[in-house]
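Raw contents of final27.cif, mmCIF, C-alpha atoms:
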```cif
data_entry
loop_
_atom_site.label_atom_id
_atom_site.label_comp_id
_atom_site.auth_asym_id
_atom_site.auth_seq_id
_atom_site.Cartn_x
_atom_site.Cartn_y
_atom_site.Cartn_z
CA MET N 1 9.48 3.99 18.85
CA THR N 2 12.68 3.81 16.84
CA LEU N 3 13.74 0.46 15.43
CA ALA N 4 17.39 0.09 14.45
CA VAL N 5 17.79 -1.92 11.24
CA THR N 6 21.05 -3.73 10.58
CA PRO N 7 22.15 -5.01 7.15
CA MET N 8 21.38 -8.55 8.33
CA ASP N 9 17.85 -7.50 9.37
CA LEU N 10 17.34 -5.82 6.02
CA LEU N 11 18.48 -8.96 4.17
CA PHE N 12 16.10 -11.08 6.26
CA VAL N 13 13.16 -8.79 5.53
CA LEU N 14 13.89 -8.66 1.80
CA GLU N 15 14.20 -12.45 1.65
CA LYS N 16 10.82 -12.97 3.34
CA ILE N 17 9.08 -10.30 1.28
CA GLY N 18 10.57 -11.77 -1.90
CA LEU N 19 9.36 -15.27 -1.05
CA ALA N 20 5.89 -13.97 -0.22
CA LEU N 21 5.79 -12.01 -3.46
CA GLY N 22 6.79 -15.08 -5.47
CA LEU N 23 4.07 -17.23 -3.90
CA GLY N 24 1.46 -14.52 -4.44
CA LEU N 25 2.44 -14.11 -8.08
CA LEU N 26 2.29 -17.89 -8.63
CA VAL N 27 -1.23 -18.32 -7.26
CA GLY N 28 -2.38 -14.98 -8.69
CA MET N 29 -1.20 -16.01 -12.14
CA GLN N 30 -3.40 -19.09 -11.97
CA ARG N 31 -6.42 -17.07 -10.81
CA GLU N 32 -5.82 -14.48 -13.55
CA ARG N 33 -5.59 -17.26 -16.12
CA ALA N 34 -8.91 -18.64 -14.85
CA GLN N 35 -10.42 -15.18 -15.51
CA ILE N 36 -11.50 -14.60 -11.92
CA GLN N 37 -12.90 -11.08 -11.51
CA LEU N 38 -12.49 -10.77 -7.74
CA ALA N 39 -8.69 -11.07 -7.53
CA GLY N 40 -5.91 -11.59 -10.05
CA ILE N 41 -2.12 -11.70 -10.16
CA ARG N 42 -1.51 -8.27 -8.61
CA THR N 43 -4.12 -8.65 -5.87
CA PHE N 44 -2.83 -12.04 -4.75
CA ALA N 45 0.75 -10.79 -4.76
CA LEU N 46 -0.25 -7.81 -2.61
CA ILE N 47 -2.28 -9.95 -0.20
CA THR N 48 0.63 -12.36 0.35
CA VAL N 49 3.14 -9.52 0.82
CA PHE N 50 0.68 -7.86 3.20
CA GLY N 51 0.64 -11.05 5.28
CA ALA N 52 4.44 -11.10 5.44
CA VAL N 53 4.58 -7.43 6.48
CA CYS N 54 2.00 -8.03 9.22
CA ALA N 55 4.03 -10.97 10.52
CA LEU N 56 7.20 -8.86 10.53
CA LEU N 57 5.38 -6.10 12.42
CA SER N 58 4.07 -8.56 14.99
CA ALA N 59 7.59 -8.94 16.45
CA PRO N 60 7.78 -5.37 17.81
CA PHE N 61 4.05 -4.64 18.14
CA GLY N 62 2.43 -7.99 19.05
CA GLY N 63 0.47 -10.78 17.38
CA TRP N 64 -2.70 -8.67 17.15
CA VAL N 65 -1.25 -7.13 13.96
CA VAL N 66 -1.59 -10.45 12.10
CA ALA N 67 -5.16 -10.92 13.34
CA ALA N 68 -6.08 -7.37 12.32
CA GLY N 69 -4.57 -7.92 8.88
CA ALA N 70 -6.58 -11.12 8.38
CA LEU N 71 -9.75 -9.28 9.38
CA ALA N 72 -8.95 -6.49 6.93
CA VAL N 73 -8.44 -8.95 4.06
CA ALA N 74 -11.69 -10.71 4.91
CA LEU N 75 -13.60 -7.40 4.91
CA LEU N 76 -12.09 -6.44 1.56
CA LEU N 77 -13.18 -9.78 0.09
CA VAL N 78 -16.72 -9.24 1.39
CA ALA N 79 -16.76 -5.76 -0.13
CA GLY N 80 -15.49 -7.11 -3.44
CA ASN N 81 -18.25 -9.71 -3.53
CA LEU N 82 -20.90 -7.10 -2.77
CA LEU N 83 -19.63 -4.93 -5.62
CA GLN N 84 -19.71 -7.91 -7.96
CA ARG N 85 -23.28 -8.65 -6.98
CA GLU N 86 -24.33 -5.08 -7.67
CA ALA N 87 -22.62 -5.29 -11.06
CA LYS N 88 -24.54 -8.55 -11.65
CA ILE N 89 -21.35 -10.58 -12.13
CA ALA N 90 -21.94 -14.32 -11.75
CA ASP N 91 -21.14 -15.71 -8.31
CA PRO N 92 -17.63 -17.21 -8.59
CA GLY N 93 -18.02 -19.41 -5.50
CA LEU N 94 -15.75 -19.39 -2.46
CA THR N 95 -12.55 -20.80 -3.98
CA THR N 96 -10.92 -17.44 -4.67
CA GLU N 97 -11.89 -16.03 -1.26
CA ILE N 98 -10.45 -19.01 0.60
CA ALA N 99 -7.34 -18.92 -1.57
CA ALA N 100 -6.86 -15.23 -0.77
CA LEU N 101 -7.13 -15.84 2.99
CA LEU N 102 -4.76 -18.80 2.71
CA MET N 103 -2.20 -16.73 0.80
CA TYR N 104 -2.40 -14.02 3.45
CA ALA N 105 -1.68 -16.66 6.11
CA LEU N 106 1.16 -18.09 4.01
CA GLY N 107 2.64 -14.63 3.64
CA ALA N 108 2.72 -14.41 7.42
CA TYR N 109 4.03 -17.97 7.76
CA VAL N 110 6.92 -17.29 5.38
CA VAL N 111 8.44 -15.11 8.09
CA VAL N 112 8.77 -18.02 10.55
CA GLY N 113 9.31 -20.99 8.22
CA HIS N 114 9.62 -20.51 4.51
CA ALA N 115 10.26 -24.14 3.48
CA ALA N 116 6.83 -25.41 4.49
CA ALA N 117 5.19 -22.20 3.22
CA LEU N 118 6.73 -22.74 -0.21
CA ALA N 119 5.41 -26.30 -0.32
CA ILE N 120 1.92 -25.20 0.73
CA GLY N 121 1.91 -22.30 -1.73
CA GLY N 122 3.01 -24.52 -4.60
CA GLY N 123 0.42 -27.13 -3.64
CA THR N 124 -2.27 -24.44 -3.56
CA ALA N 125 -1.38 -23.31 -7.07
CA LEU N 126 -1.54 -26.89 -8.34
CA LEU N 127 -4.84 -27.51 -6.58
CA LEU N 128 -6.36 -24.46 -8.24
CA HIS N 129 -4.89 -25.37 -11.62
CA TRP N 130 -6.16 -28.96 -11.51
CA LYS N 131 -9.80 -27.96 -11.17
CA ASP N 132 -11.00 -29.61 -14.39
CA PRO N 133 -9.09 -32.92 -14.00
CA MET N 134 -10.23 -33.22 -10.38
CA HIS N 135 -13.86 -32.57 -11.30
CA ALA N 136 -13.55 -35.09 -14.15
CA PHE N 137 -12.13 -37.69 -11.73
CA ILE N 138 -15.03 -37.18 -9.31
CA ALA N 139 -17.47 -37.55 -12.20
CA ARG N 140 -15.84 -40.83 -13.24
CA ILE N 141 -15.83 -42.61 -9.90
CA GLY N 142 -18.94 -44.52 -8.88
CA GLU N 143 -20.57 -45.22 -5.56
CA THR N 144 -18.42 -48.33 -5.05
CA ASP N 145 -15.20 -46.36 -5.56
CA LEU N 146 -16.30 -43.59 -3.20
CA ARG N 147 -17.19 -46.20 -0.62
CA ALA N 148 -13.70 -47.71 -0.98
CA ILE N 149 -12.09 -44.33 -0.27
CA MET N 150 -14.35 -43.65 2.73
CA GLN N 151 -13.73 -47.13 4.12
CA PHE N 152 -10.00 -46.51 3.91
CA VAL N 153 -10.54 -43.28 5.86
CA LEU N 154 -12.40 -45.34 8.47
CA VAL N 155 -9.58 -47.88 8.65
CA ALA N 156 -6.70 -45.36 8.71
CA VAL N 157 -8.02 -42.20 10.35
CA VAL N 158 -10.86 -43.29 12.63
CA ILE N 159 -9.87 -46.72 13.96
CA LEU N 160 -6.05 -46.61 14.01
CA PRO N 161 -5.56 -43.58 16.35
CA VAL N 162 -7.80 -44.99 19.12
CA LEU N 163 -6.21 -48.44 19.38
CA PRO N 164 -3.85 -48.90 22.36
CA ASP N 165 -0.12 -49.21 21.61
CA VAL N 166 0.57 -51.98 24.17
CA ASN N 167 1.67 -55.61 23.94
CA ILE N 168 -0.99 -58.02 25.21
CA GLY N 169 -1.92 -61.71 25.10
CA PRO N 170 0.25 -64.84 25.19
CA TYR N 171 3.94 -64.06 24.77
CA GLU N 172 2.83 -60.38 24.64
CA ALA N 173 2.89 -60.95 20.90
CA PHE N 174 -0.15 -58.86 19.98
CA ASN N 175 -0.12 -55.07 19.80
CA PRO N 176 -3.52 -53.71 18.63
CA HIS N 177 -2.12 -50.43 17.30
CA LYS N 178 0.76 -52.01 15.41
CA ALA N 179 -1.42 -54.83 14.07
CA TRP N 180 -3.95 -52.35 12.70
CA PHE N 181 -1.15 -50.24 11.24
CA MET N 182 -0.21 -53.31 9.21
CA VAL N 183 -3.83 -53.50 8.05
CA VAL N 184 -3.67 -49.83 6.99
CA LEU N 185 -0.40 -50.45 5.12
CA ILE N 186 -1.74 -53.43 3.18
CA VAL N 187 -5.06 -51.74 2.41
CA ALA N 188 -3.25 -48.58 1.24
CA ILE N 189 -1.08 -50.54 -1.20
CA SER N 190 -4.05 -52.54 -2.46
CA LEU N 191 -6.27 -49.47 -2.74
CA SER N 192 -3.65 -47.66 -4.83
CA GLY N 193 -3.72 -50.52 -7.31
CA TYR N 194 -7.52 -50.57 -7.27
CA VAL N 195 -7.75 -46.84 -7.99
CA ALA N 196 -5.14 -47.13 -10.75
CA GLN N 197 -7.11 -49.98 -12.30
CA LYS N 198 -10.31 -47.94 -12.23
CA TRP N 199 -8.47 -45.00 -13.79
CA LEU N 200 -6.82 -47.01 -16.58
CA GLY N 201 -9.70 -49.38 -17.22
CA ALA N 202 -9.59 -51.21 -20.53
CA ARG N 203 -6.55 -49.22 -21.61
CA ALA N 204 -4.34 -51.32 -19.34
CA GLY N 205 -2.14 -53.69 -21.27
CA PRO N 206 -1.05 -57.09 -19.95
CA VAL N 207 2.03 -55.75 -18.18
CA VAL N 208 0.07 -53.00 -16.43
CA ALA N 209 -2.79 -55.40 -15.74
CA GLY N 210 -0.43 -57.84 -14.07
CA ALA N 211 1.25 -55.07 -12.09
CA LEU N 212 -2.10 -53.80 -10.83
CA GLY N 213 -3.12 -57.35 -9.98
CA GLY N 214 0.05 -57.71 -7.92
CA LEU N 215 -0.69 -54.47 -6.10
CA ILE N 216 -4.25 -55.46 -5.27
CA SER N 217 -3.79 -59.21 -4.74
CA SER N 218 -1.64 -61.53 -6.81
CA THR N 219 -3.69 -64.53 -5.68
CA ALA N 220 -6.95 -62.85 -6.71
CA ALA N 221 -5.36 -61.91 -10.05
CA THR N 222 -4.35 -65.56 -10.55
CA VAL N 223 -7.91 -66.69 -9.92
CA SER N 224 -9.40 -64.06 -12.27
CA TYR N 225 -7.06 -64.62 -15.20
CA SER N 226 -6.98 -68.39 -14.85
CA ARG N 227 -10.77 -68.46 -15.17
CA ARG N 228 -10.64 -66.06 -18.11
CA ALA N 229 -8.00 -68.20 -19.83
CA THR N 230 -10.41 -71.15 -20.08
CA ALA N 231 -12.46 -69.24 -22.67
CA ALA N 232 -9.50 -67.46 -24.29
CA PRO N 233 -8.05 -68.59 -27.63
CA GLN N 234 -4.86 -70.62 -27.52
CA SER N 235 -2.83 -67.65 -28.76
CA SER N 236 -3.80 -65.69 -25.63
CA LEU N 237 -2.53 -68.24 -23.12
CA ARG N 238 1.02 -66.92 -23.12
CA LEU N 239 -0.44 -63.47 -22.56
CA ALA N 240 -2.39 -64.80 -19.56
CA ALA N 241 0.81 -66.41 -18.27
CA LEU N 242 2.57 -63.03 -18.63
CA VAL N 243 -0.14 -61.36 -16.55
CA LEU N 244 0.18 -63.98 -13.80
CA MET N 245 3.95 -63.69 -13.84
CA MET N 246 3.77 -59.89 -13.63
CA ALA N 247 1.34 -60.10 -10.70
CA THR N 248 3.74 -62.43 -8.89
CA THR N 249 6.68 -60.12 -9.60
CA VAL N 250 4.91 -57.04 -8.28
CA ALA N 251 3.79 -59.02 -5.24
CA GLN N 252 7.50 -59.53 -4.48
CA VAL N 253 8.05 -55.78 -4.85
CA ARG N 254 5.25 -55.34 -2.30
CA VAL N 255 7.14 -57.61 0.07
CA LEU N 256 10.21 -55.38 -0.15
CA VAL N 257 8.13 -52.22 0.33
CA GLU N 258 6.48 -53.70 3.42
CA ILE N 259 9.88 -54.61 4.88
CA ALA N 260 11.19 -51.10 4.19
CA VAL N 261 8.24 -49.56 6.03
CA VAL N 262 8.17 -51.75 9.16
CA ALA N 263 11.86 -52.74 9.44
CA PRO N 264 14.01 -49.92 8.02
CA GLY N 265 16.95 -50.78 10.27
CA SER N 266 17.17 -54.33 8.91
CA PHE N 267 16.06 -53.63 5.36
CA LEU N 268 19.42 -54.16 3.64
CA GLN N 269 20.08 -57.51 5.34
CA LEU N 270 16.59 -58.78 4.55
CA ALA N 271 16.25 -57.23 1.09
CA ALA N 272 19.54 -58.38 -0.47
CA PRO N 273 18.64 -62.06 -1.08
CA LEU N 274 14.96 -61.27 -1.61
CA GLY N 275 16.05 -58.68 -4.18
CA VAL N 276 18.02 -61.36 -6.03
CA PHE N 277 14.87 -63.50 -6.09
CA LEU N 278 12.97 -60.49 -7.44
CA VAL N 279 15.53 -60.08 -10.24
CA GLY N 280 14.86 -63.68 -11.24
CA LEU N 281 11.11 -63.04 -11.34
CA ILE N 282 11.69 -59.93 -13.47
CA ALA N 283 13.78 -62.00 -15.90
CA LEU N 284 11.00 -64.59 -16.20
CA SER N 285 8.41 -61.83 -16.76
CA ALA N 286 10.60 -60.21 -19.41
CA THR N 287 10.96 -63.56 -21.18
CA MET N 288 7.19 -64.00 -21.26
CA PHE N 289 6.79 -60.45 -22.51
CA PHE N 290 8.91 -61.21 -25.58
CA LEU N 291 7.24 -64.60 -26.13
CA ALA N 292 3.63 -63.44 -25.72
CA HIS N 293 1.52 -62.53 -28.72
CA SER N 294 -0.03 -59.10 -29.08
CA ASP N 295 -3.54 -60.45 -28.46
CA SER N 296 -5.78 -58.58 -26.07
CA LEU N 297 -7.07 -60.14 -22.88
CA GLU N 298 -9.94 -58.38 -21.15
CA MET N 299 -9.06 -57.07 -17.73
CA PRO N 300 -11.31 -58.48 -14.97
CA GLU N 301 -12.81 -56.31 -12.25
CA HIS N 302 -11.23 -56.54 -8.79
CA THR N 303 -13.22 -56.21 -5.61
CA ASN N 304 -12.87 -53.25 -3.28
CA PRO N 305 -9.75 -53.95 -1.13
CA ALA N 306 -10.83 -51.46 1.56
CA GLU N 307 -13.90 -53.40 2.66
CA LEU N 308 -14.01 -53.50 6.46
CA LYS N 309 -14.58 -57.25 6.35
CA SER N 310 -11.38 -57.78 4.34
CA ALA N 311 -9.46 -55.49 6.70
CA LEU N 312 -10.70 -57.41 9.75
CA ILE N 313 -9.79 -60.74 8.13
CA PHE N 314 -6.26 -59.54 7.41
CA GLY N 315 -5.95 -58.08 10.92
CA GLY N 316 -7.03 -61.40 12.41
CA LEU N 317 -4.64 -63.30 10.15
CA TYR N 318 -1.77 -61.00 11.11
CA ALA N 319 -2.52 -61.48 14.82
CA LEU N 320 -2.74 -65.25 14.33
CA VAL N 321 0.54 -65.42 12.42
CA THR N 322 2.28 -63.22 14.99
CA LEU N 323 1.08 -65.44 17.84
CA ALA N 324 1.94 -68.62 15.93
CA ALA N 325 5.43 -67.31 15.16
CA ALA N 326 6.05 -66.47 18.83
CA ALA N 327 4.78 -69.89 19.95
CA ALA N 328 6.72 -71.78 17.26
CA ARG N 329 9.90 -69.93 18.16
CA ASP N 330 9.36 -70.74 21.85
CA TRP N 331 8.62 -74.42 21.29
CA PHE N 332 10.83 -75.33 18.34
CA GLY N 333 13.29 -72.45 18.00
CA SER N 334 13.75 -70.66 14.69
CA ALA N 335 13.01 -73.87 12.77
CA GLY N 336 9.37 -73.66 13.84
CA LEU N 337 8.99 -70.40 11.97
CA TYR N 338 9.41 -72.17 8.64
CA LEU N 339 6.27 -74.24 9.25
CA VAL N 340 4.36 -71.07 10.13
CA ALA N 341 5.73 -69.41 6.98
CA VAL N 342 4.67 -72.26 4.69
CA LEU N 343 1.16 -72.36 6.18
CA SER N 344 0.81 -68.57 6.06
CA GLY N 345 2.03 -68.43 2.47
CA LEU N 346 -0.82 -70.70 1.46
CA HIS N 347 -3.16 -67.74 2.01
CA ASP N 348 -1.26 -64.45 2.07
CA LEU N 349 2.30 -63.08 2.16
CA GLY N 350 1.60 -59.83 3.96
CA ALA N 351 1.06 -61.17 7.47
CA ILE N 352 4.17 -63.37 7.66
CA THR N 353 6.31 -60.72 5.94
CA LEU N 354 5.32 -57.96 8.35
CA SER N 355 5.52 -60.06 11.52
CA THR N 356 8.90 -61.58 10.59
CA ALA N 357 10.42 -58.25 9.54
CA GLN N 358 9.35 -56.69 12.84
CA LEU N 359 10.90 -59.52 14.84
CA VAL N 360 14.20 -59.02 13.02
CA ASP N 361 14.13 -55.24 13.33
CA ARG N 362 13.41 -55.38 17.08
CA HIS N 363 16.23 -57.93 17.56
CA ASP N 364 13.61 -60.09 19.25
CA GLY N 365 15.52 -63.36 19.06
CA LEU N 366 15.42 -63.59 15.26
CA ASP N 367 18.42 -62.78 13.07
CA ALA N 368 18.21 -61.41 9.54
CA ALA N 369 19.59 -64.61 7.97
CA THR N 370 16.66 -66.60 9.36
CA GLY N 371 14.19 -63.78 8.76
CA TRP N 372 14.63 -63.51 4.99
CA ARG N 373 14.61 -67.30 4.66
CA VAL N 374 11.27 -67.46 6.49
CA ILE N 375 9.82 -64.80 4.15
CA LEU N 376 11.21 -66.57 1.08
CA ALA N 377 9.76 -69.89 2.28
CA ALA N 378 6.34 -68.22 2.52
CA THR N 379 6.80 -66.77 -0.97
CA MET N 380 7.64 -70.17 -2.40
CA SER N 381 4.62 -71.69 -0.66
CA ASN N 382 2.47 -68.98 -2.24
CA LEU N 383 3.89 -69.82 -5.67
CA VAL N 384 2.84 -73.44 -5.24
CA VAL N 385 -0.70 -72.32 -4.34
CA LYS N 386 -0.96 -70.03 -7.35
CA GLY N 387 0.34 -72.77 -9.63
CA GLY N 388 -2.37 -75.08 -8.26
CA ILE N 389 -5.01 -72.39 -8.86
CA ALA N 390 -3.89 -72.03 -12.47
CA GLY N 391 -4.16 -75.79 -12.88
CA MET N 392 -7.61 -76.10 -11.31
CA LEU N 393 -9.24 -73.02 -12.84
CA GLY N 394 -7.30 -72.60 -16.09
CA ASN N 395 -6.71 -75.00 -18.92
CA ARG N 396 -3.93 -77.51 -19.37
CA ARG N 397 -1.64 -75.31 -21.50
CA LEU N 398 -1.78 -72.41 -19.05
CA PHE N 399 -1.00 -74.83 -16.23
CA LEU N 400 2.04 -76.13 -18.13
CA TRP N 401 3.28 -72.57 -18.66
CA MET N 402 2.92 -71.81 -14.94
CA VAL N 403 4.60 -75.07 -13.94
CA LEU N 404 7.57 -74.07 -16.10
CA LEU N 405 7.75 -70.46 -14.86
CA PHE N 406 7.03 -71.13 -11.19
CA GLY N 407 9.22 -74.23 -11.29
CA ILE N 408 12.20 -72.12 -12.36
CA ALA N 409 11.36 -69.56 -9.65
CA LEU N 410 11.10 -72.28 -6.99
CA ALA N 411 14.42 -73.75 -8.07
CA GLY N 412 16.03 -70.33 -7.79
CA GLY N 413 14.47 -69.79 -4.37
CA GLY N 414 15.73 -73.17 -3.19
CA ALA N 415 19.24 -72.32 -4.40
CA LEU N 416 19.12 -69.05 -2.46
CA LEU N 417 18.01 -70.84 0.71
CA LEU N 418 20.90 -73.27 0.45
CA LEU N 419 23.72 -71.21 -1.01
CA TRP N 420 23.29 -67.62 0.22
CA PRO N 421 26.10 -66.98 2.72
CA THR N 422 25.24 -66.32 6.36
CA PRO N 423 27.44 -63.78 8.22
CA ALA N 424 29.68 -65.33 10.87
CA LEU N 425 28.14 -63.19 13.62
CA GLU N 426 24.65 -64.44 12.83
CA LEU N 427 25.89 -68.03 12.77
CA GLU N 428 27.35 -67.50 16.24
CA ASN N 429 24.11 -65.99 17.52
CA ALA N 430 22.10 -68.86 16.04
CA ALA N 431 24.36 -71.38 17.76
CA LEU N 432 23.94 -69.60 21.11
CA SER N 433 20.17 -69.57 20.79
#
```
Can you dump the structure from the file as structure tokens?
Amino acid sequence: MTLAVTPMDLLFVLEKIGLALGLGLLVGMQRERAQIQLAGIRTFALITVFGAVCALLSAPFGGWVVAAGALAVALLLVAGNLLQREAKIADPGLTTEIAALLMYALGAYVVVGHAAALAIGGGTALLLHWKDPMHAFIARIGETDLRAIMQFVLVAVVILPVLPDVNIGPYEAFNPHKAWFMVVLIVAISLSGYVAQKWLGARAGPVVAGALGGLISSTAATVSYSRRATAAPQSSLRLAALVLMMATTVAQVRVLVEIAVVAPGSFLQLAAPLGVFLVGLIALSATMFFLAHSDSLEMPEHTNPAELKSALIFGGLYALVTLAAAAARDWFGSAGLYLVAVLSGLHDLGAITLSTAQLVDRHDGLDAATGWRVILAATMSNLVVKGGIAGMLGNRRLFLWMVLLFGIALAGGGALLLLWPTPALELENAALS
């Protein structure tokens, strides 16, 4: 069989072989550096190029060439291990063998799609290189942390895919799949803060501590630090106020992230005024940062945010808020949503934020001008609750600081509600509804 090769074909082949060679050298360099006897930089480069050549040959001769090449690599790895055993070289494990087979497959995959192959090859090199840090991380986490990770897998990977994606119930307001996706989103954000807190531990300063508290739960952070402030010296109270202010600020960032995920089409309309409110919170946090003393304040432990009970409670709250919003809109129009927002904000911002953003994004009878005002009303309600918590659980001076800070934030939120301009088109739609 004679195969005619054009300059374009030759360029294609050289490009694929070059990419395969580069990936093989990258991973082989890491293995050589790790002093692996079975395969080093040259062997990995040859294996990856061999995979690319087999894939190129499969076009004229059939896919069996790739399968035969994989079998040949596997047999060579077995032979290499047998020789090492005879030479009484310590068993290196299976990492290098699996990496070699993967690089052969990537060499073949480069021929059909090099972008993904490059990403996988680079990720493989990093995974091999990060052996010690990854082992150290596993050694540091406890049973509680491992349970948190596995519970998140249960929430996101096991439960979510089997839930039906249909609207059911009164007003067809409840969608099991979408409601549980909101649970996954909230748990993922909270779990990231929990893991970061476990990683940083006592090294976290007040700004980081407040930020992590906002990621996990700003209300829980308010409870923890308000209690801790009762036994703290007077010089640490401004530091406690900084932590609470930072937690509130990051909670507002969470609100914007949640809107971006569930309502990307309406993000700019919803985020503009809420972003202005966030800027105000950042300014208040920055002021407290410069006023606070350099005293240390011990960071309290947060509970596992991936507990199935917590996930079910949030899922139920989200469903309840969604149903209440649909009923309030049906009975009282858009004005009824503000009552739902205030009541929801007494407990949590996530449910009302997600349900309102979805209503706006689906154009389900709610315009963006009303949507962001509903979310801001819930945020202001939540501020009042956290101020009350600081007053009940903290001491008088901390309460006065929070009254000042949250009072300024509430005044700014009220000004936004009253003065932020509403587009003429949305005013016309509101009048028609």
Next on the checklist: Give me, as a ChimeraX atom specification, all polymer residues having an atom no more than 8 Å from region 271-275 of chain N, counting all atoms listed in the file and skipping those fewer than 5 positions away in the same chain.
Outcome noted: /N:256,259,372,376,416,420
Checklist entry - Evaluating the PyMOL selection byres ((chain N and resi 247) around 8) on the displayed file yields which residues, as a count of residues only? => result 18
Item to check | Expansion of the PyMOL selection byres ((chain N and resi 379) around 9) into residues, as a list in words | outcome: Gln252, Ala341, Val342, Gly345, Leu346, Asp348, Leu349, Val374, Ile375, Leu376, Ala377, Ala378, Met380, Ser381, Asn382, Leu383, Val384 and Gly413 of chain N
For the residues in that selection, give me C-alpha atoms as a PDB file, keeping the file's coordinate frame.
```pdb
ATOM      1  CA  GLN N 252       7.500 -59.530  -4.480  1.00  0.00           C
ATOM      2  CA  ALA N 341       5.730 -69.410   6.980  1.00  0.00           C
ATOM      3  CA  VAL N 342       4.670 -72.260   4.690  1.00  0.00           C
ATOM      4  CA  GLY N 345       2.030 -68.430   2.470  1.00  0.00           C
ATOM      5  CA  LEU N 346      -0.820 -70.700   1.460  1.00  0.00           C
ATOM      6  CA  ASP N 348      -1.260 -64.450   2.070  1.00  0.00           C
ATOM      7  CA  LEU N 349       2.300 -63.080   2.160  1.00  0.00           C
ATOM      8  CA  VAL N 374      11.270 -67.460   6.490  1.00  0.00           C
ATOM      9  CA  ILE N 375       9.820 -64.800   4.150  1.00  0.00           C
ATOM     10  CA  LEU N 376      11.210 -66.570   1.080  1.00  0.00           C
ATOM     11  CA  ALA N 377       9.760 -69.890   2.280  1.00  0.00           C
ATOM     12  CA  ALA N 378       6.340 -68.220   2.520  1.00  0.00           C
ATOM     13  CA  MET N 380       7.640 -70.170  -2.400  1.00  0.00           C
ATOM     14  CA  SER N 381       4.620 -71.690  -0.660  1.00  0.00           C
ATOM     15  CA  ASN N 382       2.470 -68.980  -2.240  1.00  0.00           C
ATOM     16  CA  LEU N 383       3.890 -69.820  -5.670  1.00  0.00           C
ATOM     17  CA  VAL N 384       2.840 -73.440  -5.240  1.00  0.00           C
ATOM     18  CA  GLY N 413      14.470 -69.790  -4.370  1.00  0.00           C
TER      19      GLY N 413
END
```
Tell me, as a CSV table (one decimal) with C-alpha atoms, keeping the file's coordinate frame, which residues lie within 12 Å of Ala59 (chain N), counting all atoms listed in the file; anything in the same chain fewer than 5 positions away does not count.
```
chain,number,residue,atom,x,y,z
N,3,LEU,CA,13.7,0.5,15.4
N,52,ALA,CA,4.4,-11.1,5.4
N,53,VAL,CA,4.6,-7.4,6.5
N,54,CYS,CA,2.0,-8.0,9.2
N,64,TRP,CA,-2.7,-8.7,17.2
N,65,VAL,CA,-1.2,-7.1,14.0
N,66,VAL,CA,-1.6,-10.4,12.1
N,108,ALA,CA,2.7,-14.4,7.4
N,111,VAL,CA,8.4,-15.1,8.1
N,112,VAL,CA,8.8,-18.0,10.6
```
Next on the checklist: Please list as JSON, numbers by chain every residue within 9 Å of region 157-160 of chain N, counting only C-alpha atoms and excluding residues in the same chain fewer than 6 positions away.
Outcome noted: {"N": [176, 177, 178, 180, 181, 184]}
Item to check | Non-local contacts of region 126-132 of chain N (8 Å; only C-alpha atoms; under 3 positions in same chain excluded) as a PyMOL selection string | outcome: chain N and resi 30-31+122-123+135-136
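Interatomic distance, CA of Gly412 (chain N) against CA of Ala357 (chain N): 21.9 Å.
CA of Ala286 (chain N) is positioned 16.9 Å from CA of Val403 (chain N).
The residue that comes closest to Leu239 (chain N), out of N:Gln151, N:Thr370, N:Thr353, N:Ser285 and on the basis of all atoms listed in the file, is N:Ser285.
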Next on the checklist: Taking 2 positions as the minimum chain separation for residues in the same chain, which residues sit within 12 Å of Leu400 (chain N) when counting only C-alpha atoms? Answer as JSON, numbers by chain.
Outcome noted: {"N": [237, 238, 241, 387, 388, 390, 391, 392, 394, 395, 396, 397, 398, 402, 403, 404, 405, 406, 407]}
Checklist entry - Pick the closest to Val360 (chain N) from N:Gly28, N:Gly169, N:Gly265, N:Gly69: which is it, counting only C-alpha atoms? => result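 Closest candidate: N:Gly265.
CA of Phe174 (chain N) sits 20.2 Å away from CA of Asp367 (chain N).
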Next on the checklist: Let me make sure I understand: among N:Leu118, N:Val340, N:Leu393, N:Ala105, which one has the smallest atom-to-atom distance to Gly18 (chain N) if we use all atoms listed in the file?
Outcome noted: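 For Gly18 (chain N), the nearest of the candidates is N:Leu118.
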Checklist entry - Written as a ChimeraX atom specification, what is the full residue list that the PyMOL selection byres ((chain N and resi 25) around 12) yields on the file shown? => result /N:18-24,26-33,39-49,100,103,107,121-122,125
Item to check | Proximity to Ala179 (chain N) - best of N:Ala409, N:Ile17, N:Leu320, N:Leu418, all atoms listed in the file | outcome: N:Leu320
